[in-house]
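Remarks on the structure that follows.
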Amino acid sequence: MTKPEPAFGIYIHWPFCQSKCPYCDFNSHVAEHIDQVAWRSAYLAELDHYAKETSARTVTSLFFGGGTPSLMPSKTATAIIETVRSRWKTAENLEITAEANPSSSDIATFEGLAEAGVNRLSLGVQSFDDGALKFLGRAHDSSQALAAITKAKQIFPRISFDLIYGLPGQSEAAWADALKDALSLAGEHISVYQLTIEPGTDFHRQRVAPADPELGAGLFEMTREILQNAGLPAYEISNHAQKGAECRHNLVYWRGEDYVGIGPGAHGRISRPSKDNYDIEMTLAWRAPGAWLGQVQKSGSGLHKRQKLGLSERRDELFLMGLRLAEGVSAERFQRQTGISLEDSLNEGALEALIGENYLICDTDGIRATEAGLLRLDAVLAHLLSSAPELQ
Ligand SMILES: C[S@@+](CC[C@H](N)C(=O)[O-])C[C@H]1O[C@@H](n2cnc3c(N)ncnc32)[C@H](O)[C@@H]1O
Ligand code: SF4
């Protein structure tokens, strides 16, 4: 039997939002005027640019992220999807996701997105509590969130929504109740993020305090348990799904597979088979929307930086991403992606110590974090990677 081709994704970044949320450090901007024709042409030009070198690949997922891509005109989404389908082969079950906000202007675009070919919607609900939504500076209230979920379920075959927990003053009991209520509305997938206070955001300037680490750890464990019992186990630190309903596009990142990243600030990974392992390059597009657009118009590409990843760098990112997954870093995939074995890429003593502390499990499938390891994943990774050998 021939092995299935590795997954290959295309990410499209739409950098505009109706308003800027005080916790958000994504590359998202409020713009007074958007030249829609120019933006559409720029995305199509950038798709052509990357198709030249990757058109032999089969696209397994396309993801419109942001910003708020549900505010992208459906004509633009349609043109992008048609271009992808005409320049690349696409998988029979091609997953096409769009992120959306639950405000009324977004809800009005759902039909257009579905007609364009979007078959999975990821809604940024954040909370069903109006006080919490106000605190989070969201442009929608809980009734709009409900309306958006109801409408999305009627239109899209697959939906997910995002929630944020660990808000100042939120108790374990209050979060447990909120989560159980949210579950009655959830479908096959839900993303649940603990609030982080990122430099450069309004929350950071206002010195909003994140949940203290002990409470944060309690909330994290409780979230996992409630969702697991409801049939939505965590397949990644913040992402829960029924079996088979995982977001295939995000799995591309966490499994270290290739993807093309298009739009302001988008990054990508493009590998090429070489003699004894895989050469892989990172790509990074200009971050400021105006700079990206101007660059595409001038040169046909918004690429800012492109460079080959060294083997140690590659090993590090495969662990940084892979250990977030319940399945961990696969031994077979790691060998294909780097040309070396998992164990040879690490310091044996450090690995054994982390296994001995019950933070990691290593078997023939690969290496994965235990429940205890996930709770202190940053420290586990720091120990594992700082001791790892330099690879050539
Ligand atoms: C690109 S945003 C989602 C798209 C959409 N613009 C929205 O806000 O609904 C991805 C998700 O990351 C989460 N997120 C963003 N910043 C966060 C932060 N500082 N702490 C926790 N979660 C955050 C939110 O749940 C958000 O829905
Ligand atoms: S709508 Fe989403 S992307 Fe835009 S500012 Fe808010 S959280 Fe960030």
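How things are named: the first chain in the structure tokens is A, the next is B, and so on; residues count from 1 in each chain; ligands count from 1 in the order shown.
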
Give me the chain A side of the contact with ligand 1, cut-off 8 Å, one line per residue showing its nearest atom pair and distance in Å at one decimal, counting only C-alpha atoms and all ligand atoms, sorted by chain and residue number, as a tab-separated table.
```
residue	atom	partner	partner_atom_place_in_ligand_line	distance
A:Cys17	CA	ligand 1	6 (N)	6.9
A:Cys21	CA	ligand 1	8 (O)	7.7
A:Tyr23	CA	ligand 1	19 (N)	4.5
A:Cys24	CA	ligand 1	16 (N)	4.3
A:Asp25	CA	ligand 1	16 (N)	6.3
A:Phe26	CA	ligand 1	1 (C)	6.3
A:Gly65	CA	ligand 1	1 (C)	6.2
A:Gly66	CA	ligand 1	1 (C)	4.9
A:Gly67	CA	ligand 1	6 (N)	4.7
A:Thr68	CA	ligand 1	6 (N)	4.3
A:Pro69	CA	ligand 1	6 (N)	7.5
A:Glu99	CA	ligand 1	4 (C)	5.3
A:Ala100	CA	ligand 1	5 (C)	5.4
A:Asn101	CA	ligand 1	9 (O)	4.2
A:Pro102	CA	ligand 1	9 (O)	7.1
A:Ser122	CA	ligand 1	4 (C)	7.7
A:Leu123	CA	ligand 1	9 (O)	5.7
A:Gly124	CA	ligand 1	9 (O)	3.0
A:Val125	CA	ligand 1	9 (O)	6.2
A:Gln126	CA	ligand 1	25 (O)	5.4
A:Phe161	CA	ligand 1	27 (O)	7.7
A:Asp162	CA	ligand 1	25 (O)	4.7
A:Leu163	CA	ligand 1	25 (O)	5.3
A:Ile164	CA	ligand 1	25 (O)	5.4
A:Tyr165	CA	ligand 1	21 (C)	7.6
A:Ser191	CA	ligand 1	25 (O)	7.3
A:Val192	CA	ligand 1	25 (O)	7.0
A:Tyr193	CA	ligand 1	22 (N)	4.8
A:Gln194	CA	ligand 1	21 (C)	5.1
A:Leu195	CA	ligand 1	20 (N)	3.6
A:Thr196	CA	ligand 1	20 (N)	4.1
A:Ile197	CA	ligand 1	19 (N)	5.4
A:Glu198	CA	ligand 1	19 (N)	5.9
```

Polymer residues at most 8 Å from His304 (chain A), only C-alpha atoms, same-chain spacing of 5 or more positions, as a compact mmCIF listing (two decimals) with C-alpha atoms, in the first residue's frame:
```
# COMPACT_ATOMS: atom_id res chain seq x y z
CA THR A 283 8.91 32.21 5.07
CA LEU A 284 7.69 35.40 6.69
CA ALA A 285 5.57 38.09 5.04
CA TRP A 286 5.73 41.82 5.78
```

Long-range neighbours of Arg248 (chain A) as a PyMOL selection string, 9 Å cut-off, only C-alpha atoms, 3 positions minimum in chain = chain A and resi 7+9+60-61+95+245+251-252

Distance query Ala241 (chain A) at most 8 Å, only C-alpha atoms, self and fewer than 6 positions along chain excluded, as JSON, numbers by chain | {"A": [188, 189, 190, 231, 232, 233, 234, 235]}

Keeping N, CA and C atoms for every residue in the selection just given, could you write it to a file as a short mmCIF file (atom, residue, chain, number, x, y, z; two decimals), in the first residue's frame?
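This is the output file part.cif:
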```cif
data_model
loop_
_atom_site.label_atom_id
_atom_site.label_comp_id
_atom_site.auth_asym_id
_atom_site.auth_seq_id
_atom_site.Cartn_x
_atom_site.Cartn_y
_atom_site.Cartn_z
N GLU A 188 -18.84 19.64 17.41
CA GLU A 188 -17.79 18.62 17.39
C GLU A 188 -16.45 19.13 17.91
N HIS A 189 -16.32 20.46 18.09
CA HIS A 189 -15.00 21.04 18.37
C HIS A 189 -15.15 22.31 19.20
N ILE A 190 -14.25 22.50 20.14
CA ILE A 190 -14.27 23.74 20.92
C ILE A 190 -12.82 24.10 21.29
N GLY A 231 -17.23 14.17 26.04
CA GLY A 231 -16.92 13.59 24.73
C GLY A 231 -16.08 14.48 23.84
N LEU A 232 -15.47 15.52 24.45
CA LEU A 232 -14.60 16.41 23.68
C LEU A 232 -13.20 16.44 24.31
N PRO A 233 -12.45 15.33 24.20
CA PRO A 233 -11.13 15.30 24.82
C PRO A 233 -10.18 16.30 24.17
N ALA A 234 -9.16 16.72 24.95
CA ALA A 234 -8.17 17.66 24.40
C ALA A 234 -7.29 16.89 23.43
N TYR A 235 -7.17 17.40 22.19
CA TYR A 235 -6.16 16.81 21.30
C TYR A 235 -4.96 17.73 21.23
#
```

Residue set, region 138-328 of chain A restricted to helix (DSSP H, G or I), as number ranges by chain = A: 142-155, 172-183, 202-205, 213-229, 248-254, 289-299, 311-322

Just how far from CA of Ala331 (chain A) is CA of Glu313 (chain A), in Å to one decimal?
-> 17.5 Å

Pick from A:Ser74, A:Lys20, A:Pro168, A:His249, whichever lies nearest to Val59 (chain A) using only C-alpha atoms = A:His249

Hey, can you check how far CA of Ile10 (chain A) sits from CA of Lys305 (chain A)?
->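 Between CA of Ile10 (chain A) and CA of Lys305 (chain A) the gap works out to 17.8 Å.
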
Find the residues around region 350-363 of chain A up to 8 Å (only C-alpha atoms counted), leave out those fewer than 5 positions away in its own chain, and share them as a PyMOL selection string.
-> chain A and resi 368-374+380+383-384+387

Choose the residue, out of A:Asp258, A:Asp365, A:Gly349, A:Ser143, that has the smallest atom-to-atom separation from Gln335 (chain A); count only C-alpha atoms.
->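 Among the listed residues, A:Asp365 lies closest to Gln335 (chain A).
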
Hey, what's within 9 Å of Ala266 (chain A) if we count only C-alpha atoms and toss same-chain stuff fewer than 2 positions away? As a JSON list (two decimals) with C-alpha atoms, in the first residue's frame, please?
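The file below, around_25.json, is the result:
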```json
[["chain", "number", "residue", "atom", "x", "y", "z"],
["A", 11, "TYR", "CA", -3.11, 30.00, 5.43],
["A", 12, "ILE", "CA", -4.64, 33.33, 4.41],
["A", 13, "HIS", "CA", -4.33, 36.21, 6.87],
["A", 260, "VAL", "CA", 2.12, 28.35, 2.66],
["A", 261, "GLY", "CA", 1.33, 31.53, 4.61],
["A", 262, "ILE", "CA", -0.21, 34.43, 2.71],
["A", 263, "GLY", "CA", -1.11, 37.91, 3.95],
["A", 264, "PRO", "CA", 0.43, 40.42, 6.37],
["A", 268, "GLY", "CA", 5.08, 29.41, 6.20],
["A", 283, "THR", "CA", 8.91, 32.21, 5.07],
["A", 284, "LEU", "CA", 7.69, 35.40, 6.69],
["A", 285, "ALA", "CA", 5.57, 38.09, 5.04],
["A", 286, "TRP", "CA", 5.73, 41.82, 5.78],
["A", 287, "ARG", "CA", 3.69, 42.44, 8.92]]
```
